[in-house]
Amino acid sequence: MGKAQAVQQQRGDTGEFRQSTINVLAARCRALGAPVAVVGTQATAAFLLELLEKENIPCAGVFEKSPYPAECAGHSVKPLAHLAETGPDTVVIVTAPADAGGLEDTFKQTHAAFHGRVLCLEQLLDLPGLFQALETPLDYKYGAHILNEWAHHLDGKVSHWPHWPDGFSVQGKTVLEFGPFEGHFSMMLMAQKPERVIAVEGRADNFAKTALLKASLDWSNYTLRFGDMHLFPALVPEDIDVIFCSGVLYHSEKPWWFLKSCLDKCDTIILSTHVSSDHSPEPRRFRQVTLDSGTYSFELFHEGGDNLSGLSSESLWFKEEDLTAFVNHHGFEYQKYREWTNPHGLWICSLLTRKHR
């Protein structure tokens with residue numbers, strides 16, 4: 001169940017949590033300081049429309065992909081293309097209660113018609129979602145490793161970091177990190193004295209672990225944001241010098257969408273990931289996907305649902321040759337600097353840099 005859907009349901013204990021969540025959503029909508037255009041017509045859209053009316057927040061209309069109903073919560077519904085008619089200060093909120101991967105087409109059509117700020121309703125409910133998800137105990141996987149690495153840094157020693165390109169430094173740069181998990185890579189990034197690190201984490205327990213590390217080590221220039229990595233453009237409006245993307249691409253159900261967003265955001269990407277190869281365990285399954293850049297055969301994997309997994313039930317892995325072709329098509333050089341195999345298959349580390357225009 002998504003956070004937006006959870007808002008509409010009464011928890012088993014009292015209604016206090018539900019009401020406090022509504023209060024948070026209302027406050028965040030007020031803080032937008034702009035008319036809100038609602039994309040979607042399901043129950044979460046009706047809920048948001050009622051809240052906007054109650055809080056006297058201007059509604060710039062309701063929009064939906066075809067086919068769509070004639071009205072939603074008393075508002076006429078228009079096709080997504082009509083978003084172009086809204087004012088430039090409008091904020092669009094996508095309410096569809098779907099996994100991020102299922103929102104690709106909705107966001108594509110939305111951005112084609114509207115070039116302003118676009119948010120997902122889930123992003124406005126990040127903190128309530130964290131509180132609800134963290135009712136179960138945290139389960140550390142690499143706690144000892146992190147503590148040992150911290151001791152290593154306190155001793156002034158330089159770590160050997162196989163995921164990192166030799167001689168590359170982010171000192172003085174702004175870095176976007178995806179999936180910090182428990183913060184072990186964040187610690188290594190912070191040791192390089194960057195100007196700032198912004199980390200996006202989609203699992204509540206992993207977010208809490210990294211937040212604990214941030215607080216304990218007093219990282220004043222480390223910002224942690226909660227949300228699905230596929231939706232990061234709305235979470236990270238800042239300019240980015242380097243994207244560090246290790247251990248997350250192969251957890252995506254639409255890796256081409258996520259990777260293309262990274263290529264659009266930044267000129268330098270450190271990509272460390274599993275790829276489909278003959279080293280993958282049997283039996284192997286594949287799915288053909290046709291994109292603007294060509295047709296690709298992705299290897300299909302099941303996601304386990306634990307805090308080491310992606311947010312969807314399945315993921316698709318690029319073949320390395322397809323990954324290279326995709327990156328080149330979108331104007332980037334692909335430079336592999338390391339690879340190894342493990343029980344799950346082939347792991348590659350590569351540096352992606354934008355070609356000179």
# chains A, B, ... in the order shown; residues from 1 in each chain; ligands from 1
$ closest_atom_pairs --of "segment 194-302 of chain A" --to "segment 309-321 of chain A" --cutoff "12 Å" --atoms "only C-alpha atoms" --output "Markdown table"
| residue | atom | partner | partner_atom | distance |
| --- | --- | --- | --- | --- |
| A:Glu201 | CA | A:Gly310 | CA | 10.6 |
| A:Gly202 | CA | A:Leu311 | CA | 7.4 |
| A:Arg203 | CA | A:Leu311 | CA | 7.7 |
| A:Ala204 | CA | A:Leu311 | CA | 11.0 |
| A:Asn206 | CA | A:Ser309 | CA | 11.0 |
| A:Gly227 | CA | A:Leu311 | CA | 10.3 |
| A:Asp228 | CA | A:Leu311 | CA | 7.8 |
| A:Met229 | CA | A:Leu311 | CA | 9.5 |
| A:His230 | CA | A:Leu311 | CA | 10.3 |
| A:Gly247 | CA | A:Ser309 | CA | 10.0 |
| A:Val248 | CA | A:Gly310 | CA | 7.6 |
| A:Leu249 | CA | A:Trp317 | CA | 7.9 |
| A:Tyr250 | CA | A:Trp317 | CA | 5.3 |
| A:His251 | CA | A:Gly310 | CA | 4.7 |
| A:Ser252 | CA | A:Ser315 | CA | 5.0 |
| A:Glu253 | CA | A:Ser315 | CA | 4.1 |
| A:Lys254 | CA | A:Leu316 | CA | 6.8 |
| A:Pro255 | CA | A:Leu316 | CA | 6.8 |
| A:Trp256 | CA | A:Phe318 | CA | 8.7 |
| A:Trp257 | CA | A:Leu316 | CA | 11.6 |
| A:Phe258 | CA | A:Leu316 | CA | 11.8 |
| A:Leu259 | CA | A:Phe318 | CA | 10.9 |
| A:Leu271 | CA | A:Glu320 | CA | 11.9 |
| A:Ser272 | CA | A:Glu320 | CA | 11.7 |
| A:Thr273 | CA | A:Trp317 | CA | 9.2 |
| A:His274 | CA | A:Trp317 | CA | 7.2 |
| A:Val275 | CA | A:Lys319 | CA | 5.4 |
| A:Ser276 | CA | A:Lys319 | CA | 4.6 |
| A:Ser277 | CA | A:Lys319 | CA | 6.4 |
| A:Asp278 | CA | A:Lys319 | CA | 10.0 |
| A:His279 | CA | A:Lys319 | CA | 11.4 |
| A:Ser280 | CA | A:Trp317 | CA | 10.3 |
| A:Arg284 | CA | A:Trp317 | CA | 11.4 |
| A:Arg285 | CA | A:Leu316 | CA | 9.9 |
| A:Phe286 | CA | A:Leu316 | CA | 8.4 |
| A:Arg287 | CA | A:Leu316 | CA | 8.1 |
| A:Gln288 | CA | A:Leu316 | CA | 10.3 |
| A:Val289 | CA | A:Leu316 | CA | 10.2 |
| A:Thr295 | CA | A:Phe318 | CA | 11.6 |
| A:Tyr296 | CA | A:Phe318 | CA | 8.0 |
| A:Ser297 | CA | A:Phe318 | CA | 7.5 |
| A:Phe298 | CA | A:Trp317 | CA | 5.3 |
| A:Glu299 | CA | A:Trp317 | CA | 5.0 |
| A:Leu300 | CA | A:Leu316 | CA | 4.8 |
| A:Phe301 | CA | A:Ser315 | CA | 5.2 |
| A:His302 | CA | A:Glu314 | CA | 4.5 |
$ select_by_dssp --residues "segment 111-214 of chain A" --states "strand (DSSP E)" --output "number ranges by chain"
A: 117-120, 174-178, 196-201
$ write_last_selection --atoms "N, CA and C atoms" --output "compact mmCIF listing (two decimals), in the first residue's frame"
# COMPACT_ATOMS: atom_id res chain seq x y z
N ARG A 117 6.83 22.88 -12.06
CA ARG A 117 7.12 21.95 -10.97
C ARG A 117 6.10 20.82 -10.94
N VAL A 118 6.59 19.58 -10.92
CA VAL A 118 5.73 18.40 -10.88
C VAL A 118 6.14 17.54 -9.69
N LEU A 119 5.18 17.22 -8.83
CA LEU A 119 5.42 16.39 -7.66
C LEU A 119 4.51 15.17 -7.69
N CYS A 120 4.89 14.17 -6.93
CA CYS A 120 4.03 13.01 -6.71
C CYS A 120 3.44 13.14 -5.31
N THR A 174 29.45 18.86 -5.59
CA THR A 174 28.14 18.46 -5.09
C THR A 174 27.78 17.11 -5.69
N VAL A 175 27.53 16.13 -4.83
CA VAL A 175 27.33 14.74 -5.25
C VAL A 175 25.90 14.31 -4.94
N LEU A 176 25.28 13.61 -5.88
CA LEU A 176 23.98 12.98 -5.67
C LEU A 176 24.20 11.49 -5.55
N GLU A 177 23.84 10.92 -4.40
CA GLU A 177 24.00 9.48 -4.15
C GLU A 177 22.64 8.81 -4.12
N PHE A 178 22.52 7.68 -4.81
CA PHE A 178 21.27 6.92 -4.80
C PHE A 178 21.42 5.68 -3.92
N ARG A 196 29.05 19.08 -0.92
CA ARG A 196 27.78 18.62 -0.38
C ARG A 196 27.45 17.26 -0.97
N VAL A 197 26.78 16.43 -0.19
CA VAL A 197 26.22 15.17 -0.68
C VAL A 197 24.72 15.19 -0.44
N ILE A 198 23.95 14.90 -1.48
CA ILE A 198 22.50 14.72 -1.37
C ILE A 198 22.21 13.25 -1.66
N ALA A 199 21.60 12.55 -0.71
CA ALA A 199 21.33 11.13 -0.86
C ALA A 199 19.83 10.88 -0.91
N VAL A 200 19.40 10.04 -1.85
CA VAL A 200 17.99 9.69 -2.01
C VAL A 200 17.81 8.22 -1.66
N GLU A 201 16.98 7.93 -0.67
CA GLU A 201 16.73 6.57 -0.21
C GLU A 201 15.23 6.30 -0.21
$ closest_atom_pairs --of "segment 58-171 of chain A" --to "segment 328-337 of chain A" --cutoff "10 Å" --atoms "only C-alpha atoms" --output "JSON lines"
{"residue": "A:Pro162", "atom": "CA", "partner": "A:Tyr337", "partner_atom": "CA", "distance": 9.4}
{"residue": "A:His163", "atom": "CA", "partner": "A:Tyr337", "partner_atom": "CA", "distance": 9.1}
{"residue": "A:Trp164", "atom": "CA", "partner": "A:Tyr337", "partner_atom": "CA", "distance": 8.8}
{"residue": "A:Pro165", "atom": "CA", "partner": "A:Tyr337", "partner_atom": "CA", "distance": 6.5}
{"residue": "A:Asp166", "atom": "CA", "partner": "A:Tyr337", "partner_atom": "CA", "distance": 8.3}
$ write_last_selection --atoms "N, CA and C atoms" --output "compact mmCIF listing (two decimals), in the first residue's frame"
# COMPACT_ATOMS: atom_id res chain seq x y z
N PRO A 162 36.74 -0.56 -4.24
CA PRO A 162 36.69 -1.08 -5.62
C PRO A 162 35.60 -0.46 -6.48
N HIS A 163 34.56 0.10 -5.86
CA HIS A 163 33.49 0.72 -6.63
C HIS A 163 33.87 2.09 -7.18
N TRP A 164 35.00 2.62 -6.75
CA TRP A 164 35.37 3.99 -7.08
C TRP A 164 36.48 4.02 -8.12
N PRO A 165 36.40 4.90 -9.13
CA PRO A 165 37.46 4.98 -10.14
C PRO A 165 38.75 5.54 -9.55
N ASP A 166 39.87 4.90 -9.85
CA ASP A 166 41.16 5.34 -9.31
C ASP A 166 41.45 6.77 -9.73
$ select_by_dssp --residues "segment 166-197 of chain A" --states "helix (DSSP H, G or I)" --output "list in words"
His184, Phe185, Ser186, Met187, Met188, Leu189 and Met190 of chain A
$ write_last_selection --atoms "C-alpha atoms" --output "short mmCIF file (atom, residue, chain, number, x, y, z; two decimals), in the first residue's frame"
data_model
loop_
_atom_site.label_atom_id
_atom_site.label_comp_id
_atom_site.auth_asym_id
_atom_site.auth_seq_id
_atom_site.Cartn_x
_atom_site.Cartn_y
_atom_site.Cartn_z
CA HIS A 184 28.68 2.80 4.21
CA PHE A 185 29.24 4.38 0.78
CA SER A 186 28.12 7.75 2.17
CA MET A 187 30.92 7.53 4.70
CA MET A 188 33.48 7.01 1.95
CA LEU A 189 32.04 9.89 -0.07
CA MET A 190 32.14 12.22 2.92
#
$ residues_around --residues "segment 82-98 of chain A" --least-positions-apart "6" --cutoff "10 Å" --atoms "only C-alpha atoms" --output "JSON, numbers by chain"
{"A": [1, 2, 3, 4, 5, 29, 32, 33, 34, 35, 36, 37, 38, 39, 40, 41, 42, 43, 44, 45, 46, 47, 48, 58, 59, 60, 61, 62, 63, 64, 106, 107, 109, 110, 111, 112, 113, 114, 115, 116, 117, 118, 119, 120, 121, 122, 123, 124]}
$ write_last_selection --atoms "N, CA and C atoms" --output "compact mmCIF listing (two decimals), in the first residue's frame"
# COMPACT_ATOMS: atom_id res chain seq x y z
N MET A 1 0.84 -1.19 0.00
CA MET A 1 0.00 0.00 0.00
C MET A 1 0.87 1.24 0.00
N GLY A 2 0.57 2.20 -0.83
CA GLY A 2 1.32 3.44 -0.88
C GLY A 2 0.95 4.35 0.28
N LYS A 3 1.79 5.34 0.54
CA LYS A 3 1.54 6.28 1.63
C LYS A 3 0.25 7.05 1.39
N ALA A 4 0.01 7.44 0.14
CA ALA A 4 -1.19 8.21 -0.15
C ALA A 4 -2.45 7.41 0.14
N GLN A 5 -2.40 6.10 -0.17
CA GLN A 5 -3.56 5.25 0.12
C GLN A 5 -3.74 5.07 1.62
N CYS A 29 0.83 21.42 1.28
CA CYS A 29 0.14 22.01 0.13
C CYS A 29 0.08 23.54 0.27
N LEU A 32 3.31 25.25 -0.65
CA LEU A 32 3.63 25.37 -2.07
C LEU A 32 3.42 26.80 -2.56
N GLY A 33 2.44 27.48 -1.95
CA GLY A 33 2.19 28.88 -2.29
C GLY A 33 1.79 29.10 -3.73
N ALA A 34 1.08 28.14 -4.30
CA ALA A 34 0.72 28.23 -5.72
C ALA A 34 -0.54 27.42 -5.98
N PRO A 35 -1.23 27.70 -7.09
CA PRO A 35 -2.35 26.85 -7.49
C PRO A 35 -1.87 25.42 -7.75
N VAL A 36 -2.72 24.46 -7.46
CA VAL A 36 -2.37 23.05 -7.62
C VAL A 36 -3.21 22.43 -8.72
N ALA A 37 -2.54 21.81 -9.69
CA ALA A 37 -3.22 21.01 -10.71
C ALA A 37 -3.09 19.55 -10.32
N VAL A 38 -4.19 18.84 -10.33
CA VAL A 38 -4.22 17.44 -9.88
C VAL A 38 -4.24 16.52 -11.09
N VAL A 39 -3.30 15.58 -11.12
CA VAL A 39 -3.27 14.56 -12.17
C VAL A 39 -3.73 13.25 -11.56
N GLY A 40 -4.81 12.68 -12.11
CA GLY A 40 -5.36 11.44 -11.60
C GLY A 40 -6.82 11.62 -11.22
N THR A 41 -7.55 10.51 -11.20
CA THR A 41 -8.98 10.58 -10.89
C THR A 41 -9.42 9.48 -9.93
N GLN A 42 -8.47 8.79 -9.32
CA GLN A 42 -8.84 7.73 -8.39
C GLN A 42 -9.10 8.32 -7.01
N ALA A 43 -9.26 7.44 -6.02
CA ALA A 43 -9.68 7.89 -4.69
C ALA A 43 -8.71 8.89 -4.08
N THR A 44 -7.40 8.70 -4.32
CA THR A 44 -6.44 9.65 -3.75
C THR A 44 -6.59 11.03 -4.35
N ALA A 45 -6.97 11.11 -5.63
CA ALA A 45 -7.21 12.40 -6.27
C ALA A 45 -8.40 13.10 -5.63
N ALA A 46 -9.49 12.35 -5.43
CA ALA A 46 -10.68 12.93 -4.79
C ALA A 46 -10.35 13.42 -3.39
N PHE A 47 -9.56 12.64 -2.67
CA PHE A 47 -9.14 13.03 -1.32
C PHE A 47 -8.37 14.35 -1.34
N LEU A 48 -7.42 14.46 -2.28
CA LEU A 48 -6.62 15.69 -2.38
C LEU A 48 -7.48 16.88 -2.77
N PRO A 58 -6.08 27.24 -4.17
CA PRO A 58 -6.61 27.25 -5.54
C PRO A 58 -6.30 25.96 -6.30
N CYS A 59 -7.31 25.45 -6.98
CA CYS A 59 -7.14 24.26 -7.81
C CYS A 59 -7.11 24.69 -9.28
N ALA A 60 -6.05 24.32 -9.97
CA ALA A 60 -5.88 24.71 -11.37
C ALA A 60 -6.49 23.70 -12.33
N GLY A 61 -7.22 22.71 -11.79
CA GLY A 61 -7.88 21.75 -12.65
C GLY A 61 -7.49 20.32 -12.35
N VAL A 62 -8.25 19.39 -12.93
CA VAL A 62 -8.01 17.96 -12.79
C VAL A 62 -7.72 17.40 -14.18
N PHE A 63 -6.66 16.62 -14.29
CA PHE A 63 -6.20 16.14 -15.59
C PHE A 63 -5.92 14.64 -15.49
N GLU A 64 -6.10 13.95 -16.61
CA GLU A 64 -5.92 12.50 -16.60
C GLU A 64 -5.57 12.00 -17.99
N THR A 106 2.70 8.44 -17.38
CA THR A 106 2.01 9.62 -16.84
C THR A 106 2.96 10.80 -16.73
N PHE A 107 4.16 10.56 -16.21
CA PHE A 107 5.13 11.65 -16.08
C PHE A 107 5.61 12.13 -17.44
N GLN A 109 3.91 12.18 -20.29
CA GLN A 109 2.88 13.03 -20.87
C GLN A 109 2.74 14.35 -20.10
N THR A 110 2.90 14.28 -18.79
CA THR A 110 2.81 15.50 -17.98
C THR A 110 3.91 16.48 -18.33
N HIS A 111 5.15 15.99 -18.40
CA HIS A 111 6.28 16.87 -18.71
C HIS A 111 6.24 17.37 -20.16
N ALA A 112 5.60 16.62 -21.04
CA ALA A 112 5.48 17.08 -22.43
C ALA A 112 4.56 18.29 -22.53
N ALA A 113 3.58 18.36 -21.63
CA ALA A 113 2.60 19.45 -21.69
C ALA A 113 2.92 20.59 -20.73
N PHE A 114 3.67 20.28 -19.67
CA PHE A 114 3.87 21.27 -18.61
C PHE A 114 5.33 21.28 -18.20
N HIS A 115 5.95 22.45 -18.13
CA HIS A 115 7.39 22.55 -17.87
C HIS A 115 7.70 23.16 -16.51
N GLY A 116 6.70 23.21 -15.65
CA GLY A 116 6.91 23.73 -14.31
C GLY A 116 7.18 22.63 -13.31
N ARG A 117 6.83 22.88 -12.06
CA ARG A 117 7.12 21.95 -10.97
C ARG A 117 6.10 20.82 -10.94
N VAL A 118 6.59 19.58 -10.92
CA VAL A 118 5.73 18.40 -10.88
C VAL A 118 6.14 17.54 -9.69
N LEU A 119 5.18 17.22 -8.83
CA LEU A 119 5.42 16.39 -7.66
C LEU A 119 4.51 15.17 -7.69
N CYS A 120 4.89 14.17 -6.93
CA CYS A 120 4.03 13.01 -6.71
C CYS A 120 3.44 13.14 -5.31
N LEU A 121 2.19 12.79 -5.14
CA LEU A 121 1.54 12.92 -3.84
C LEU A 121 2.32 12.18 -2.76
N GLU A 122 2.91 11.05 -3.12
CA GLU A 122 3.70 10.28 -2.16
C GLU A 122 4.82 11.13 -1.55
N GLN A 123 5.39 12.04 -2.35
CA GLN A 123 6.51 12.85 -1.86
C GLN A 123 6.07 13.84 -0.79
N LEU A 124 4.82 14.22 -0.79
CA LEU A 124 4.31 15.13 0.23
C LEU A 124 3.98 14.40 1.52
$ closest_residue --among "A:Leu235, A:Ile22, A:Cys262, A:Leu147" --to "Pro128 of chain A" --atoms "only C-alpha atoms"
A:Ile22
$ closest_residue --among "A:Ala208, A:Leu213, A:Cys266, A:Leu127" --to "Asn307 of chain A" --atoms "only C-alpha atoms"
A:Ala208
$ closest_residue --among "A:His344, A:Lys265, A:Lys260, A:Lys173" --to "Pro237 of chain A" --atoms "only C-alpha atoms"
A:Lys265
$ atom_distance --atom1 "atom CA of Leu212 of chain A" --atom2 "atom CA of Phe232 of chain A"
22.1 Å
$ decode --residues "segment 112-145 of chain A" --atoms "N, CA and C atoms" --output "PDB file, in the first residue's frame"
ATOM      1  N   ALA A 112       5.597  16.618 -21.041  1.00  0.00           N
ATOM      2  CA  ALA A 112       5.478  17.076 -22.427  1.00  0.00           C
ATOM      3  C   ALA A 112       4.558  18.291 -22.530  1.00  0.00           C
ATOM      4  N   ALA A 113       3.579  18.357 -21.630  1.00  0.00           N
ATOM      5  CA  ALA A 113       2.601  19.447 -21.691  1.00  0.00           C
ATOM      6  C   ALA A 113       2.916  20.591 -20.734  1.00  0.00           C
ATOM      7  N   PHE A 114       3.666  20.282 -19.674  1.00  0.00           N
ATOM      8  CA  PHE A 114       3.872  21.273 -18.611  1.00  0.00           C
ATOM      9  C   PHE A 114       5.332  21.275 -18.198  1.00  0.00           C
ATOM     10  N   HIS A 115       5.954  22.450 -18.135  1.00  0.00           N
ATOM     11  CA  HIS A 115       7.390  22.549 -17.869  1.00  0.00           C
ATOM     12  C   HIS A 115       7.697  23.157 -16.510  1.00  0.00           C
ATOM     13  N   GLY A 116       6.696  23.214 -15.650  1.00  0.00           N
ATOM     14  CA  GLY A 116       6.911  23.735 -14.308  1.00  0.00           C
ATOM     15  C   GLY A 116       7.176  22.627 -13.306  1.00  0.00           C
ATOM     16  N   ARG A 117       6.829  22.880 -12.062  1.00  0.00           N
ATOM     17  CA  ARG A 117       7.120  21.948 -10.973  1.00  0.00           C
ATOM     18  C   ARG A 117       6.095  20.822 -10.941  1.00  0.00           C
ATOM     19  N   VAL A 118       6.588  19.581 -10.921  1.00  0.00           N
ATOM     20  CA  VAL A 118       5.727  18.397 -10.880  1.00  0.00           C
ATOM     21  C   VAL A 118       6.138  17.542  -9.686  1.00  0.00           C
ATOM     22  N   LEU A 119       5.177  17.221  -8.828  1.00  0.00           N
ATOM     23  CA  LEU A 119       5.420  16.393  -7.656  1.00  0.00           C
ATOM     24  C   LEU A 119       4.513  15.174  -7.690  1.00  0.00           C
ATOM     25  N   CYS A 120       4.894  14.171  -6.929  1.00  0.00           N
ATOM     26  CA  CYS A 120       4.034  13.008  -6.707  1.00  0.00           C
ATOM     27  C   CYS A 120       3.445  13.142  -5.306  1.00  0.00           C
ATOM     28  N   LEU A 121       2.187  12.793  -5.142  1.00  0.00           N
ATOM     29  CA  LEU A 121       1.539  12.922  -3.837  1.00  0.00           C
ATOM     30  C   LEU A 121       2.318  12.183  -2.759  1.00  0.00           C
ATOM     31  N   GLU A 122       2.909  11.047  -3.124  1.00  0.00           N
ATOM     32  CA  GLU A 122       3.698  10.280  -2.163  1.00  0.00           C
ATOM     33  C   GLU A 122       4.816  11.126  -1.554  1.00  0.00           C
ATOM     34  N   GLN A 123       5.387  12.036  -2.349  1.00  0.00           N
ATOM     35  CA  GLN A 123       6.506  12.845  -1.859  1.00  0.00           C
ATOM     36  C   GLN A 123       6.069  13.841  -0.791  1.00  0.00           C
ATOM     37  N   LEU A 124       4.815  14.216  -0.790  1.00  0.00           N
ATOM     38  CA  LEU A 124       4.306  15.130   0.228  1.00  0.00           C
ATOM     39  C   LEU A 124       3.977  14.401   1.525  1.00  0.00           C
ATOM     40  N   LEU A 125       4.041  13.082   1.487  1.00  0.00           N
ATOM     41  CA  LEU A 125       3.722  12.267   2.664  1.00  0.00           C
ATOM     42  C   LEU A 125       4.930  11.456   3.117  1.00  0.00           C
ATOM     43  N   ASP A 126       6.142  11.979   2.866  1.00  0.00           N
ATOM     44  CA  ASP A 126       7.335  11.199   3.158  1.00  0.00           C
ATOM     45  C   ASP A 126       7.520  10.931   4.652  1.00  0.00           C
ATOM     46  N   LEU A 127       7.406  11.961   5.492  1.00  0.00           N
ATOM     47  CA  LEU A 127       7.639  11.765   6.919  1.00  0.00           C
ATOM     48  C   LEU A 127       6.582  10.871   7.570  1.00  0.00           C
ATOM     49  N   PRO A 128       5.277  11.075   7.310  1.00  0.00           N
ATOM     50  CA  PRO A 128       4.304  10.117   7.844  1.00  0.00           C
ATOM     51  C   PRO A 128       4.572   8.691   7.371  1.00  0.00           C
ATOM     52  N   GLY A 129       5.005   8.558   6.116  1.00  0.00           N
ATOM     53  CA  GLY A 129       5.327   7.229   5.608  1.00  0.00           C
ATOM     54  C   GLY A 129       6.468   6.591   6.364  1.00  0.00           C
ATOM     55  N   LEU A 130       7.480   7.390   6.692  1.00  0.00           N
ATOM     56  CA  LEU A 130       8.601   6.882   7.485  1.00  0.00           C
ATOM     57  C   LEU A 130       8.124   6.420   8.857  1.00  0.00           C
ATOM     58  N   PHE A 131       7.326   7.243   9.515  1.00  0.00           N
ATOM     59  CA  PHE A 131       6.862   6.899  10.858  1.00  0.00           C
ATOM     60  C   PHE A 131       6.071   5.592  10.853  1.00  0.00           C
ATOM     61  N   GLN A 132       5.248   5.424   9.836  1.00  0.00           N
ATOM     62  CA  GLN A 132       4.419   4.225   9.767  1.00  0.00           C
ATOM     63  C   GLN A 132       5.256   2.986   9.473  1.00  0.00           C
ATOM     64  N   ALA A 133       6.236   3.152   8.572  1.00  0.00           N
ATOM     65  CA  ALA A 133       7.036   1.999   8.161  1.00  0.00           C
ATOM     66  C   ALA A 133       8.024   1.546   9.226  1.00  0.00           C
ATOM     67  N   LEU A 134       8.413   2.459  10.121  1.00  0.00           N
ATOM     68  CA  LEU A 134       9.453   2.133  11.097  1.00  0.00           C
ATOM     69  C   LEU A 134       8.901   1.568  12.398  1.00  0.00           C
ATOM     70  N   GLU A 135       7.690   1.035  12.359  1.00  0.00           N
ATOM     71  CA  GLU A 135       7.149   0.393  13.547  1.00  0.00           C
ATOM     72  C   GLU A 135       7.827  -0.945  13.819  1.00  0.00           C
ATOM     73  N   THR A 136       8.422  -1.519  12.800  1.00  0.00           N
ATOM     74  CA  THR A 136       9.157  -2.773  12.984  1.00  0.00           C
ATOM     75  C   THR A 136      10.621  -2.450  13.249  1.00  0.00           C
ATOM     76  N   PRO A 137      11.329  -3.315  13.975  1.00  0.00           N
ATOM     77  CA  PRO A 137      12.736  -3.038  14.316  1.00  0.00           C
ATOM     78  C   PRO A 137      13.607  -2.958  13.070  1.00  0.00           C
ATOM     79  N   LEU A 138      14.653  -2.152  13.157  1.00  0.00           N
ATOM     80  CA  LEU A 138      15.626  -2.053  12.074  1.00  0.00           C
ATOM     81  C   LEU A 138      16.486  -3.312  12.044  1.00  0.00           C
ATOM     82  N   ASP A 139      16.923  -3.664  10.840  1.00  0.00           N
ATOM     83  CA  ASP A 139      17.729  -4.874  10.652  1.00  0.00           C
ATOM     84  C   ASP A 139      19.013  -4.490   9.928  1.00  0.00           C
ATOM     85  N   TYR A 140      20.111  -4.344  10.663  1.00  0.00           N
ATOM     86  CA  TYR A 140      21.381  -3.929  10.062  1.00  0.00           C
ATOM     87  C   TYR A 140      22.052  -5.100   9.358  1.00  0.00           C
ATOM     88  N   LYS A 141      22.573  -4.829   8.148  1.00  0.00           N
ATOM     89  CA  LYS A 141      23.330  -5.825   7.399  1.00  0.00           C
ATOM     90  C   LYS A 141      24.833  -5.562   7.483  1.00  0.00           C
ATOM     91  N   TYR A 142      25.217  -4.278   7.454  1.00  0.00           N
ATOM     92  CA  TYR A 142      26.639  -3.932   7.379  1.00  0.00           C
ATOM     93  C   TYR A 142      27.080  -3.048   8.541  1.00  0.00           C
ATOM     94  N   GLY A 143      26.437  -3.197   9.688  1.00  0.00           N
ATOM     95  CA  GLY A 143      26.783  -2.357  10.823  1.00  0.00           C
ATOM     96  C   GLY A 143      28.239  -2.471  11.223  1.00  0.00           C
ATOM     97  N   ALA A 144      28.747  -3.695  11.304  1.00  0.00           N
ATOM     98  CA  ALA A 144      30.147  -3.890  11.696  1.00  0.00           C
ATOM     99  C   ALA A 144      31.082  -3.276  10.666  1.00  0.00           C
ATOM    100  N   HIS A 145      30.742  -3.434   9.392  1.00  0.00           N
ATOM    101  CA  HIS A 145      31.569  -2.867   8.323  1.00  0.00           C
ATOM    102  C   HIS A 145      31.636  -1.350   8.448  1.00  0.00           C
TER     103      HIS A 145
END
